[in-house]
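Asks: Input: one structure, supplied below.
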Amino acid sequence: MYLHLEHRLAQRVLECLQRRYPGAVLPNVVIEQPPKVELGDFAIPIFPFAKPLRSAPLKIAEAIRGEIGEIEGIAEMQVAPPGYLNVRIDRGWMASALAADAKPPAEIPHGKILVEHSSINPNKAAHIGHLRNAILGDTFVRLLRYAERTVDVQNYIDNTGVQVADVVVGFTHIEKKSRAEIETLARQPRFDYYCWDLYARVSQWYEADKQNRQVRLQTLHAIEDASTETAAIADLISVAVLRRHLETMDRLDIEYDFLPRESEILHLHFWDAAFVKLKESGVLTFETDGKNKGCWVMRRAGTAKITEDTDGTEEDRITEEDQKVIVRSNGTVGYVGKDIAYHMWKFGLLGRDFGYRKFYHYPNGHDCWISTANGEKDHPHFGDVAEIYNVIDARQSEAQNTVIEALRGLGHAEAADHYTHFSYEMVALTPRCAAELGYNLSDEDKTRSYIEVSGRKGFGVKADDLLDQLIVSAKKEVDSRHPQLTDSERQEIATQIAIGALRFFMLKYTKQSVIAFDFKEALSFEGETGPYAQYAVVRATSIFRKAGVDPDTFCKDAAGRVSAADQSNYLNGESGNEFWELWLASSKTSYVIDKCIATTEPAHLAKHVFQLAQLFNTFYHRHPILSEPDDKRKRFLLATVAVVRRELIRCLAVMGIAVPPVM
RNA sequence: GGGCGCGUAGCUCAAACGGAUAGAGCAUCGGAUUUCUAAUCCGAGGGUUGCAGGUUCGAUUCCUGCCGCGCCUACCA
């Protein structure tokens with residue numbers, strides 16, 4: 001509602017100015033939020049208009065106020081020095097619309113969006129870094145779906161790289177296991193944990209004797225030929241670990257629609273198709289001398305020299321430093337090349353497609369598909385989208401930009417413009433946390449604020465372990481608070497709290513901030529945490545339960561229970577401000593979600609949820625509701641609780657957080 | 001060397017597009033009518049927003065230079 005009103009206001013202000021100053025070149029109308037409710041609900045800085053309109057800000061503000069006329073939902077405007085136009089919402093009007101859950105018509109851009117996230121190498125268990133990726137990605141998907149966009153969720157699987165090869169080496173050369181033995185192991189509940197340890201051992205094995213690395217190379221090549229026994233083992237391992245990843249993510253309510261695999265990009269020759277186009281368009285150039293002699297290279301992203309002089313049109317040579325090798329001198333293609341081909345497929349520009357088969361069936365009935373060389377006849381249509389978001393950590397930004405530049409060079413500027421690298425910083429460990437995990441710290445490490453995790457060393461916190469710990473910790477709390485419930489009920493509640501804590505934790509930091517992971521903070525259920533917000537909802541629910549009223553029907557029928565006059569009476573005036581703050585915050589769901597999408601920053605939503613829960617808790621403490629003697633006032637307070645509760649549940653759902661019945 | 005990012009309270013972090021008195025949580029200290037469950041609430045202390053300039057009505061935000069930190073920068077994937 002708030003968002004809708006803001007758009008309407010901006011539009012009317014613009015029209016008003018155009019009417020009064022015809023022909024003037026106007027800057028954008030920026031609408032902000034005043035620092036305090038007393039000042040109003042929207043603030044329009046008029047300073048930017050002073051120069052182009054050759055008039056004092058206060059004068060312009062006064063003119064707008066006088067001439068803009070009635071706007072539905074707006075109560076009044078005030079000119080505030082040194083140059084703001086402060087706008088007050090018609091509180092009664094907003095409250096009615098909000099209680100009725102009115103959905104103003106909104107323009108929804110058409111075209112499918114592809115969000116790709118997780119992309120965990122299928123050779124070991126998922127760790128906390130992967131959790132951040134998946135939670136950010138999944139939340140972004142939920143944000144887009146809340147905004148009624150159509151979204152496909154993909155999880156790219158690199159099943160042919162060195163990482164899988166390393167684990168294969170571990171099984172075949174260190175443990176000397178047969179395919180049958182590996183198959184048996186792969187059926188064990190936490191096969192990914194087994195691989196986690198083995199992977200670390202393989203790294204040590206390579207360190208111990210350089211000759212062992214030869215084995216890695218041989219294995220890597222064997223994997224690429226699908227007919228070999230090694231390839232079969234690699235496939236069985238990567239598929240088993242992949243299943244484990246899907247199970248882990250499903251615990252957090254994270255699902256995928258499609259799993260494209262590198263093996264198919266290879267076997268279906270995506271690269272060949274892309275290579276032809278890249279050569280034709282001149283994106284790739286062949287080096288005839290220098291260190292990259294015999295390679296096909298392209299300009300590294302971000303190094304482009306701007307050749308402004310018109311006479312220097314001769315193909316500006318890329319200096320060796322700025323060259324990114326795409327095809328090696330032996331004719332094989334590197335991963336950036338494969339990535340370019342893959343992204344051409346995403347935008348429907350490649351002219352080839354995967355085969356598809358059903359791979360994973362979620363308990364809720366949803367199917368997840370996987371790429372294959374020869375697929376099933378009937379399958380959903382993936383790829384060919386209008387917009388893509390790749391959730392990949394910041395370390396990959398150069399590679400991502402190179403892919404974007406390749407698309408641009410191929411003449412697909414529009415695709416390049418709709419390619420977003422959803423970049424985020426890594427999750428590291430605090431020195432204390434590393435020490436707790438039994439890692440020997442150097443003196444230098446001890447002084448650092450964080451230490452990077454390393455899958456290769458087996459150094460990190462596994463996703464399932466963290467979740468298990470959170471559940472145990474929450475369960476202890478629930479056990480002591482609700483001994484009357486059955487154990488399975490308590491387990492269910494503890495799980496919801498654990499997921500709430502984890503997802504909130506990963507979302508409250510802005511993307512570019514490195515999370516220095518610490519058990520104490522991650523396991524906290526107090527303060528700015530998921531359980532804090534869940535608890536606010538539980539309290540709201542509990543009021544209605546005791547009152548014997550259903551909150552949702554009460555809300556929908558609020559007009560019949562609280563008269564418009566009462567509504568407006570309680571919300572206005574000085575005493576109304578504290579109630580109005582709650583209603584106003586509740587009206588901002590779409591506004592905040594819109595902002596999260598525009599800035600690709602889900603942290604804003606976590607912040608908003610916390611603020612709303614905080615406002616509610618203060619309100620809860622100050623105003624006893626069930627014992628309120630004035631019936632009209634009681635109904636108004638109940639309506640307030642109902643609306644806040646509904647919006648909190650809604651926002652938490654977008655964050656992938658469910659609310660338990662009691663806590 | 002080049003590219004990207006960061007530096008805000010004791011600690012961990014907010015502050016979209018430059019805006020009104022820079023906000024939270026944690027930690028510390030002091031409190032909350034035995035009530036709709038205290039996983040809560042109220043209060044206190046705590047800041048030269050790394051340093052120095054510049055741009056303008058206004059800078060944590062933009063520009064330049066320094067200082068410090070991180071990541072990227074392979075014919076690995």
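Here, A, B, ... name the chains of the structure tokens in the order displayed, residue numbers run from 1 inside each chain, and ligands are numbered from 1 in the same displayed order.
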Residues of chain B within 12 Å of chain A, counting only C-alpha atoms (C1' of nucleotides), what are they? List them as a ChimeraX atom specification.
Replies: /B:1-7,11-26,32-33,35-42,56-58,69-77
Asks: Residues within 6 Å of range 115-125 of chain A, please, as a list in words. Count only C-alpha atoms (C1' of nucleotides); anything in the same chain fewer than 5 positions from it doesn't count.
Replies: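 In the requested format, the answer is Asn133, Ala134, Gly137, Val153, Gln154, Asn155, Tyr156, Ile157, Asp158, Val164, Asp192, Tyr193, Cys195, Trp196, Ser238, Val241, Leu242, Ile388, Tyr389, Asn390 and Val391 of chain A.
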Asks: For the strand (DSSP E or B) assignment from backbone DSSP, which residues of range 264-435 of chain A qualify? Please present them as a PyMOL selection string.
Replies: chain A and resi 285-286+296-299+323-327+333+355-361+367-372+387-393+419-424+427-429
Asks: Among range 64-243 of chain A, which residues does DSSP mark as alpha helix (DSSP H) when it is run on the backbone? Keep the chain and numbering as in the structure and answer as a PyMOL selection string.
Replies: chain A and resi 64-67+91-99+128-146+162-169+179-186+191-208+212-224+229-243
